[in-house]
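Listing of model09.json, JSON, C-alpha atoms
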```json
[["chain", "number", "residue", "atom", "x", "y", "z"],
["A", 264, "TRP", "CA", -2.19, 4.47, -17.21],
["A", 265, "GLN", "CA", -5.40, 6.33, -17.93],
["A", 266, "THR", "CA", -6.55, 5.97, -14.32],
["A", 267, "LEU", "CA", -3.21, 7.30, -13.07],
["A", 268, "THR", "CA", -3.42, 10.25, -15.45],
["A", 269, "GLU", "CA", -6.94, 11.07, -14.25],
["A", 270, "ALA", "CA", -5.90, 10.78, -10.60],
["A", 271, "LEU", "CA", -2.96, 13.12, -11.12],
["A", 272, "GLN", "CA", -5.23, 15.63, -12.86],
["A", 273, "THR", "CA", -7.70, 15.51, -9.96],
["A", 274, "LEU", "CA", -5.68, 15.20, -6.77],
["A", 275, "ASP", "CA", -3.53, 17.74, -4.97],
["A", 276, "LEU", "CA", -0.55, 15.70, -3.81],
["A", 277, "THR", "CA", 1.29, 18.49, -2.01],
["A", 278, "ARG", "CA", 0.62, 16.93, 1.41],
["A", 279, "VAL", "CA", -0.57, 13.40, 0.66],
["A", 280, "ARG", "CA", 0.68, 10.37, -1.23],
["A", 281, "LEU", "CA", -0.96, 8.48, -4.06],
["A", 282, "ALA", "CA", -0.86, 4.69, -3.82],
["A", 283, "ILE", "CA", -0.81, 2.80, -7.10],
["A", 284, "ASN", "CA", -1.55, -0.92, -7.30],
["A", 285, "VAL", "CA", 1.10, -2.52, -9.50],
["A", 286, "SER", "CA", 0.83, -6.03, -10.89],
["A", 287, "PRO", "CA", 3.78, -8.35, -11.54],
["A", 288, "ALA", "CA", 3.08, -7.93, -15.25],
["A", 289, "HIS", "CA", 3.53, -4.15, -14.91],
["A", 290, "LEU", "CA", 6.88, -4.62, -13.22],
["A", 291, "LEU", "CA", 8.05, -6.99, -15.94],
["A", 292, "ALA", "CA", 7.20, -4.52, -18.72],
["A", 293, "SER", "CA", 10.46, -3.04, -20.00],
["A", 294, "ASP", "CA", 9.00, 0.48, -20.14],
["A", 295, "PHE", "CA", 7.18, 0.47, -16.77],
["A", 296, "LEU", "CA", 9.37, 2.92, -14.83],
["A", 297, "GLY", "CA", 10.03, 5.11, -17.84],
["A", 298, "ARG", "CA", 6.35, 5.42, -18.61],
["A", 299, "LEU", "CA", 5.45, 6.01, -14.96],
["A", 300, "PHE", "CA", 8.13, 8.68, -14.54],
["A", 301, "SER", "CA", 7.05, 10.35, -17.78],
["A", 302, "ILE", "CA", 3.44, 10.61, -16.58],
["A", 303, "LEU", "CA", 4.59, 11.99, -13.22],
["A", 304, "GLU", "CA", 6.72, 14.63, -14.96],
["A", 305, "GLU", "CA", 3.86, 15.53, -17.29],
["A", 306, "HIS", "CA", 1.71, 16.31, -14.22],
["A", 307, "ASP", "CA", 4.53, 17.94, -12.25],
["A", 308, "THR", "CA", 4.29, 15.25, -9.56],
["A", 309, "SER", "CA", 7.27, 14.34, -7.44],
["A", 310, "PRO", "CA", 8.01, 10.60, -7.24],
["A", 311, "CYS", "CA", 8.21, 11.03, -3.44],
["A", 312, "ARG", "CA", 4.41, 11.46, -3.50],
["A", 313, "ILE", "CA", 3.93, 7.98, -4.98],
["A", 314, "THR", "CA", 3.65, 4.61, -3.25],
["A", 315, "LEU", "CA", 3.76, 1.49, -5.39],
["A", 316, "GLU", "CA", 1.62, -1.24, -3.86],
["A", 317, "ILE", "CA", 2.56, -4.79, -4.77],
["A", 318, "THR", "CA", 1.18, -8.15, -3.69],
["A", 319, "GLU", "CA", 2.90, -11.40, -2.80],
["A", 320, "GLU", "CA", 2.59, -12.53, -6.43],
["A", 321, "VAL", "CA", 5.66, -10.43, -7.17],
["A", 322, "VAL", "CA", 7.76, -13.00, -5.34],
["A", 323, "TYR", "CA", 6.54, -15.80, -7.54],
["A", 324, "ARG", "CA", 7.09, -14.08, -10.88],
["A", 325, "ASN", "CA", 10.70, -13.25, -11.70],
["A", 326, "LEU", "CA", 11.71, -12.02, -8.25],
["A", 327, "GLU", "CA", 15.17, -10.83, -9.30],
["A", 328, "LYS", "CA", 13.84, -8.55, -12.07],
["A", 329, "ASN", "CA", 10.98, -7.27, -9.91],
["A", 330, "VAL", "CA", 13.31, -6.44, -7.02],
["A", 331, "SER", "CA", 15.56, -4.55, -9.43],
["A", 332, "VAL", "CA", 12.65, -2.45, -10.72],
["A", 333, "LEU", "CA", 11.40, -1.75, -7.18],
["A", 334, "LYS", "CA", 14.87, -0.66, -6.05],
["A", 335, "GLN", "CA", 15.07, 1.71, -9.02],
["A", 336, "ALA", "CA", 11.66, 3.12, -8.07],
["A", 337, "GLN", "CA", 12.91, 3.69, -4.50],
["A", 338, "LYS", "CA", 16.00, 5.48, -5.83],
["A", 339, "LEU", "CA", 13.66, 7.80, -7.73],
["A", 340, "GLY", "CA", 11.93, 8.57, -4.42],
["A", 341, "MET", "CA", 8.90, 6.28, -4.51],
["A", 342, "SER", "CA", 7.84, 4.13, -1.56],
["A", 343, "ILE", "CA", 7.08, 0.42, -1.86],
["A", 344, "ALA", "CA", 4.23, -1.22, 0.05],
["A", 345, "LEU", "CA", 3.48, -4.93, 0.32],
["A", 346, "ASP", "CA", -0.32, -5.12, 0.09],
["A", 347, "ASP", "CA", -2.62, -7.81, 1.54],
["A", 348, "PHE", "CA", 0.05, -9.29, 3.83],
["A", 349, "GLY", "CA", -1.32, -12.28, 5.69],
["A", 350, "SER", "CA", -3.58, -13.51, 2.92],
["A", 351, "GLY", "CA", -2.68, -16.29, 0.57],
["A", 352, "TYR", "CA", 0.70, -17.90, 1.05],
["A", 353, "SER", "CA", 2.59, -15.23, 2.96],
["A", 354, "SER", "CA", 6.26, -15.95, 3.30],
["A", 355, "LEU", "CA", 8.34, -14.15, 5.88],
["A", 356, "SER", "CA", 11.35, -14.48, 3.56],
["A", 357, "MET", "CA", 9.71, -12.04, 1.14],
["A", 358, "LEU", "CA", 9.98, -9.33, 3.80],
["A", 359, "ASP", "CA", 13.74, -9.74, 3.56],
["A", 360, "ALA", "CA", 13.88, -10.12, -0.23],
["A", 361, "LEU", "CA", 11.74, -7.14, -1.22],
["A", 362, "PRO", "CA", 12.77, -3.48, -0.85],
["A", 363, "LEU", "CA", 9.82, -2.39, 1.27],
["A", 364, "ASN", "CA", 8.81, 0.78, 3.10],
["A", 365, "LYS", "CA", 5.34, -0.28, 4.20],
["A", 366, "LEU", "CA", 3.51, -3.45, 5.18],
["A", 367, "LYS", "CA", -0.25, -3.47, 4.61],
["A", 368, "ILE", "CA", -1.88, -6.18, 6.72],
["A", 369, "ASP", "CA", -4.82, -7.90, 5.05],
["A", 370, "GLN", "CA", -8.36, -7.22, 6.22],
["A", 371, "SER", "CA", -9.04, -10.93, 6.74],
["A", 372, "LEU", "CA", -6.94, -10.82, 9.91],
["A", 373, "VAL", "CA", -8.88, -7.84, 11.23],
["A", 374, "GLN", "CA", -12.23, -9.49, 10.61],
["A", 375, "LYS", "CA", -11.25, -12.76, 12.29],
["A", 376, "ALA", "CA", -9.38, -11.04, 15.15],
["A", 377, "GLN", "CA", -12.60, -9.60, 16.53],
["A", 378, "SER", "CA", -13.91, -13.04, 17.43],
["A", 379, "ASN", "CA", -10.75, -15.13, 17.64],
["A", 380, "GLU", "CA", -8.05, -14.42, 20.22],
["A", 381, "ARG", "CA", -5.45, -16.46, 18.35],
["A", 382, "THR", "CA", -6.00, -14.40, 15.19],
["A", 383, "ALA", "CA", -5.83, -11.21, 17.29],
["A", 384, "ASN", "CA", -2.42, -12.38, 18.52],
["A", 385, "ILE", "CA", -1.31, -13.02, 14.93],
["A", 386, "LEU", "CA", -2.47, -9.53, 13.93],
["A", 387, "GLU", "CA", -0.58, -7.96, 16.83],
["A", 388, "ALA", "CA", 2.53, -10.01, 15.95],
["A", 389, "ALA", "CA", 2.34, -8.86, 12.32],
["A", 390, "ILE", "CA", 2.13, -5.23, 13.46],
["A", 391, "SER", "CA", 5.08, -5.78, 15.79],
["A", 392, "LEU", "CA", 7.06, -7.46, 13.01],
["A", 393, "ALA", "CA", 6.51, -4.49, 10.71],
["A", 394, "LYS", "CA", 7.73, -2.13, 13.43],
["A", 395, "GLN", "CA", 10.81, -4.29, 14.12],
["A", 396, "LEU", "CA", 11.65, -4.19, 10.40],
["A", 397, "ASP", "CA", 11.28, -0.39, 10.43],
["A", 398, "LEU", "CA", 8.33, -0.54, 8.05],
["A", 399, "THR", "CA", 5.27, 1.66, 8.24],
["A", 400, "CYS", "CA", 2.39, -0.59, 9.24],
["A", 401, "CYS", "CA", -1.06, -0.12, 7.70],
["A", 402, "VAL", "CA", -3.95, -2.34, 8.75],
["A", 403, "GLU", "CA", -6.69, -2.80, 6.16],
["A", 404, "GLY", "CA", -10.35, -3.56, 6.71],
["A", 405, "VAL", "CA", -11.03, -1.30, 9.70],
["A", 406, "GLU", "CA", -14.81, -0.93, 9.79],
["A", 407, "THR", "CA", -15.63, 0.18, 13.34],
["A", 408, "ALA", "CA", -14.38, 2.66, 15.92],
["A", 409, "GLU", "CA", -13.76, -0.25, 18.29],
["A", 410, "ALA", "CA", -11.53, -2.03, 15.76],
["A", 411, "ALA", "CA", -9.68, 1.23, 15.09],
["A", 412, "ARG", "CA", -9.03, 1.71, 18.81],
["A", 413, "GLU", "CA", -7.83, -1.86, 19.32],
["A", 414, "ILE", "CA", -5.56, -1.81, 16.28],
["A", 415, "GLY", "CA", -4.20, 1.58, 17.31],
["A", 416, "GLN", "CA", -3.36, 0.14, 20.72],
["A", 417, "MET", "CA", -1.51, -2.68, 18.97],
["A", 418, "GLY", "CA", 0.76, -0.05, 17.41],
["A", 419, "ALA", "CA", -0.39, 0.27, 13.79],
["A", 420, "ASP", "CA", 0.79, 3.45, 12.07],
["A", 421, "GLU", "CA", -2.09, 3.70, 9.63],
["A", 422, "LEU", "CA", -5.64, 2.39, 9.26],
["A", 423, "GLN", "CA", -7.56, 1.74, 6.07],
["A", 424, "GLY", "CA", -11.18, 0.71, 5.69],
["A", 425, "TYR", "CA", -14.82, 1.72, 5.55],
["A", 426, "TRP", "CA", -14.64, 3.34, 8.98],
["A", 427, "ILE", "CA", -12.17, 5.83, 7.51],
["A", 428, "GLY", "CA", -14.10, 6.20, 4.26],
["A", 429, "LYS", "CA", -15.62, 4.19, 1.46],
["A", 430, "PRO", "CA", -14.05, 4.27, -2.00],
["A", 431, "ALA", "CA", -15.55, 6.99, -4.14],
["A", 432, "LEU", "CA", -14.74, 8.95, -7.25],
["A", 433, "LEU", "CA", -13.35, 12.40, -6.59],
["A", 434, "ARG", "CA", -13.94, 15.44, -8.69],
["A", 435, "LYS", "CA", -11.25, 18.03, -9.16],
["A", 436, "GLY", "CA", -10.82, 20.09, -5.98],
["A", 437, "GLU", "CA", -13.11, 17.86, -3.89],
["A", 438, "LYS", "CA", -11.80, 16.60, -0.55],
["A", 439, "ARG", "CA", -13.17, 13.51, 1.21],
["A", 440, "LEU", "CA", -10.32, 12.55, 3.46],
["A", 441, "ARG", "CA", -10.99, 11.92, 7.13],
["A", 442, "LEU", "CA", -7.86, 11.87, 9.25],
["A", 443, "VAL", "CA", -7.95, 9.96, 12.48],
["A", 444, "SER", "CA", -5.38, 10.14, 15.24]]
```

Please render this file's structure as structure tokens.
Amino acid sequence: WQTLTEALQTLDLTRVRLAINVSPAHLLASDFLGRLFSILEEHDTSPCRITLEITEEVVYRNLEKNVSVLKQAQKLGMSIALDDFGSGYSSLSMLDALPLNKLKIDQSLVQKAQSNERTANILEAAISLAKQLDLTCCVEGVETAEAAREIGQMGADELQGYWIGKPALLRKGEKRLRLVS
């Protein structure tokens, strides 16, 4: 909660979104949405500027309750992203069970796709699947211009990785965002 508070004090979210990694334990906390909404109100931040990023673990820990919380978050205006898709024990059924707006494809597929045609086909299929489900598709782990070009040609909506920018602390008013089309 402290990190979120600091981010909201630092960032100007008038034209960008803030993604928040949320654990299954957070979702199961009875005060999660209330506390989150309270912090957003305190910093005059619209819920439509927030994306909650969840991992596949959500499916394995009280799915029914987690889905309920995520649907409430969507009703408040927040977006829901499934992070690290393609790592671990990905289940296609979770794409149907979870109320998602975005699919973030794991960097492991990107790294292997550069030297393995079969993995490149899997990556392209995952991007296509996201599009067919009307989900925004973000591909993680993009580290070179060549990878960015190839993934863009596959139809990804968004790219994330060191080629775009390395994680860094921001100071109030500082901008380090590089937009790539």

- Query: Any idea what the distance is between CA of Arg381 in chain A and CA of Asp369 in chain A?
  - Reply: 15.8 Å

- Message: Ranking A:Thr277, A:Ser293, A:Gln374, A:Thr268 by minimum distance to His306 in chain A and counting all atoms listed in the file, which one comes first?
- Response: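 Comparing A:Thr277, A:Ser293, A:Gln374, A:Thr268 against His306 in chain A, the winner is A:Thr268.
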
- Task: Tell me, as JSON, numbers by chain, which residues lie within 9 Å of Glu387 in chain A, counting all atoms listed in the file; anything in the same chain fewer than 2 positions away does not count.
- Result: {"A": [382, 383, 384, 385, 389, 390, 391, 392, 414, 417, 418, 419]}

- Message: Which polymer residues, whether protein, DNA or RNA, lie within 6 Å of the coordinate (-1.0, 10.1, -16.2) when you count all atoms listed in the file? List them as a VMD selection string, using the chain letters and numbers from the file.
- Response: chain A and resid 264 267 to 268 302

- Message: Which residues are near Val322 in chain A? Cut-off 9 Å, all atoms listed in the file, ignore same chain within fewer than 4 positions. Put them as a ChimeraX atom specification.
- Response: /A:287,318,326-327,329-330,357,360-361

Serialized selection, C-alpha atoms, as a PDB file, in the coordinates of the input:
```
ATOM      1  CA  PRO A 287       3.780  -8.350 -11.540  1.00  0.00           C
ATOM      2  CA  THR A 318       1.180  -8.150  -3.690  1.00  0.00           C
ATOM      3  CA  LEU A 326      11.710 -12.020  -8.250  1.00  0.00           C
ATOM      4  CA  GLU A 327      15.170 -10.830  -9.300  1.00  0.00           C
ATOM      5  CA  ASN A 329      10.980  -7.270  -9.910  1.00  0.00           C
ATOM      6  CA  VAL A 330      13.310  -6.440  -7.020  1.00  0.00           C
ATOM      7  CA  MET A 357       9.710 -12.040   1.140  1.00  0.00           C
ATOM      8  CA  ALA A 360      13.880 -10.120  -0.230  1.00  0.00           C
ATOM      9  CA  LEU A 361      11.740  -7.140  -1.220  1.00  0.00           C
TER      10      LEU A 361
END
```

- Which residue out of A:Lys375, A:Glu421, A:Met341, A:Leu290 has the minimum interatomic distance to Lys328 in chain A when all atoms listed in the file are used?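 Among the listed residues, A:Leu290 lies closest to Lys328 in chain A.
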
- Item | From A:Arg312, A:Arg412, A:Lys338, A:Arg324, residue lying nearest Ile283 in chain A [only C-alpha atoms] | A:Arg312

- Residues within 7 Å of Lys365 in chain A, only C-alpha atoms, excluding chain neighbours under 6 positions, as a ChimeraX atom specification: /A:343-345,398-400

- Query: Counting only C-alpha atoms, what is within 10 Å of range 294-296 of chain A, bar same-chain residues fewer than 2 positions away, as a PyMOL selection string?
  - Reply: chain A and resi 285+288-292+298-302+332-333+335-336+339

- Which value, in Å to one decimal, gives the distance between CA of Leu271 in chain A and CA of Ile317 in chain A?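 Taking CA of Leu271 in chain A as the start and CA of Ile317 in chain A as the end point, the length is 19.8 Å.
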
- Note on the structure: Taken to one decimal, the CA of Arg278 in chain A-CA of Gly297 in chain A distance is 24.5 Å

Can I get range 403-427 of chain A with N, CA, C and O atoms filled in, as an mmCIF file, keeping the file's coordinate frame?
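Below you can see rebuild_1.cif, which holds the result:
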```cif
data_model
loop_
_atom_site.group_PDB
_atom_site.id
_atom_site.type_symbol
_atom_site.label_atom_id
_atom_site.label_comp_id
_atom_site.auth_asym_id
_atom_site.auth_seq_id
_atom_site.Cartn_x
_atom_site.Cartn_y
_atom_site.Cartn_z
ATOM 1 N N GLU A 403 -5.544 -2.961 7.053
ATOM 2 C CA GLU A 403 -6.690 -2.800 6.160
ATOM 3 C C GLU A 403 -7.955 -3.392 6.790
ATOM 4 O O GLU A 403 -7.883 -4.234 7.680
ATOM 5 N N GLY A 404 -9.092 -2.957 6.310
ATOM 6 C CA GLY A 404 -10.350 -3.560 6.710
ATOM 7 C C GLY A 404 -10.899 -3.059 8.040
ATOM 8 O O GLY A 404 -11.685 -3.748 8.685
ATOM 9 N N VAL A 405 -10.534 -1.860 8.444
ATOM 10 C CA VAL A 405 -11.030 -1.300 9.700
ATOM 11 C C VAL A 405 -12.415 -0.706 9.444
ATOM 12 O O VAL A 405 -12.555 0.249 8.692
ATOM 13 N N GLU A 406 -13.427 -1.316 10.072
ATOM 14 C CA GLU A 406 -14.810 -0.930 9.790
ATOM 15 C C GLU A 406 -15.547 -0.343 10.975
ATOM 16 O O GLU A 406 -16.666 0.133 10.823
ATOM 17 N N THR A 407 -14.939 -0.360 12.166
ATOM 18 C CA THR A 407 -15.630 0.180 13.340
ATOM 19 C C THR A 407 -14.647 0.998 14.180
ATOM 20 O O THR A 407 -13.430 0.800 14.116
ATOM 21 N N ALA A 408 -15.203 1.878 14.999
ATOM 22 C CA ALA A 408 -14.380 2.660 15.920
ATOM 23 C C ALA A 408 -13.668 1.743 16.909
ATOM 24 O O ALA A 408 -12.516 1.979 17.272
ATOM 25 N N GLU A 409 -14.354 0.690 17.339
ATOM 26 C CA GLU A 409 -13.760 -0.250 18.290
ATOM 27 C C GLU A 409 -12.538 -0.945 17.678
ATOM 28 O O GLU A 409 -11.490 -1.045 18.306
ATOM 29 N N ALA A 410 -12.665 -1.389 16.431
ATOM 30 C CA ALA A 410 -11.530 -2.030 15.760
ATOM 31 C C ALA A 410 -10.388 -1.035 15.593
ATOM 32 O O ALA A 410 -9.214 -1.378 15.805
ATOM 33 N N ALA A 411 -10.709 0.199 15.249
ATOM 34 C CA ALA A 411 -9.680 1.230 15.090
ATOM 35 C C ALA A 411 -8.929 1.449 16.399
ATOM 36 O O ALA A 411 -7.695 1.548 16.413
ATOM 37 N N ARG A 412 -9.663 1.514 17.496
ATOM 38 C CA ARG A 412 -9.030 1.710 18.810
ATOM 39 C C ARG A 412 -8.122 0.549 19.144
ATOM 40 O O ARG A 412 -6.976 0.740 19.546
ATOM 41 N N GLU A 413 -8.618 -0.669 18.978
ATOM 42 C CA GLU A 413 -7.830 -1.860 19.320
ATOM 43 C C GLU A 413 -6.567 -1.964 18.467
ATOM 44 O O GLU A 413 -5.483 -2.260 18.974
ATOM 45 N N ILE A 414 -6.704 -1.713 17.181
ATOM 46 C CA ILE A 414 -5.560 -1.810 16.280
ATOM 47 C C ILE A 414 -4.567 -0.683 16.565
ATOM 48 O O ILE A 414 -3.359 -0.882 16.509
ATOM 49 N N GLY A 415 -5.081 0.481 16.903
ATOM 50 C CA GLY A 415 -4.200 1.580 17.310
ATOM 51 C C GLY A 415 -3.411 1.227 18.548
ATOM 52 O O GLY A 415 -2.219 1.519 18.644
ATOM 53 N N GLN A 416 -4.049 0.568 19.496
ATOM 54 C CA GLN A 416 -3.360 0.140 20.720
ATOM 55 C C GLN A 416 -2.302 -0.915 20.429
ATOM 56 O O GLN A 416 -1.321 -1.033 21.154
ATOM 57 N N MET A 417 -2.501 -1.677 19.355
ATOM 58 C CA MET A 417 -1.510 -2.680 18.970
ATOM 59 C C MET A 417 -0.271 -2.030 18.329
ATOM 60 O O MET A 417 0.761 -2.674 18.196
ATOM 61 N N GLY A 418 -0.393 -0.769 17.931
ATOM 62 C CA GLY A 418 0.760 -0.050 17.410
ATOM 63 C C GLY A 418 0.769 0.225 15.924
ATOM 64 O O GLY A 418 1.787 0.668 15.372
ATOM 65 N N ALA A 419 -0.345 -0.007 15.232
ATOM 66 C CA ALA A 419 -0.390 0.270 13.790
ATOM 67 C C ALA A 419 -0.177 1.760 13.531
ATOM 68 O O ALA A 419 -0.645 2.611 14.285
ATOM 69 N N ASP A 420 0.536 2.062 12.453
ATOM 70 C CA ASP A 420 0.790 3.450 12.070
ATOM 71 C C ASP A 420 -0.380 4.059 11.312
ATOM 72 O O ASP A 420 -0.667 5.242 11.433
ATOM 73 N N GLU A 421 -1.021 3.224 10.492
ATOM 74 C CA GLU A 421 -2.090 3.700 9.630
ATOM 75 C C GLU A 421 -3.238 2.691 9.621
ATOM 76 O O GLU A 421 -3.035 1.498 9.809
ATOM 77 N N LEU A 422 -4.440 3.212 9.377
ATOM 78 C CA LEU A 422 -5.640 2.390 9.260
ATOM 79 C C LEU A 422 -6.255 2.653 7.900
ATOM 80 O O LEU A 422 -6.217 3.779 7.402
ATOM 81 N N GLN A 423 -6.853 1.605 7.337
ATOM 82 C CA GLN A 423 -7.560 1.740 6.070
ATOM 83 C C GLN A 423 -8.832 0.923 6.165
ATOM 84 O O GLN A 423 -8.823 -0.176 6.705
ATOM 85 N N GLY A 424 -9.938 1.467 5.680
ATOM 86 C CA GLY A 424 -11.180 0.710 5.690
ATOM 87 C C GLY A 424 -12.394 1.612 5.673
ATOM 88 O O GLY A 424 -12.279 2.833 5.678
ATOM 89 N N TYR A 425 -13.565 0.981 5.664
ATOM 90 C CA TYR A 425 -14.820 1.720 5.550
ATOM 91 C C TYR A 425 -15.051 2.676 6.709
ATOM 92 O O TYR A 425 -15.767 3.656 6.565
ATOM 93 N N TRP A 426 -14.472 2.419 7.866
ATOM 94 C CA TRP A 426 -14.640 3.340 8.980
ATOM 95 C C TRP A 426 -13.976 4.678 8.656
ATOM 96 O O TRP A 426 -14.462 5.741 9.051
ATOM 97 N N ILE A 427 -12.876 4.613 7.932
ATOM 98 C CA ILE A 427 -12.170 5.830 7.510
ATOM 99 C C ILE A 427 -12.939 6.492 6.365
ATOM 100 O O ILE A 427 -13.132 7.690 6.338
#
```
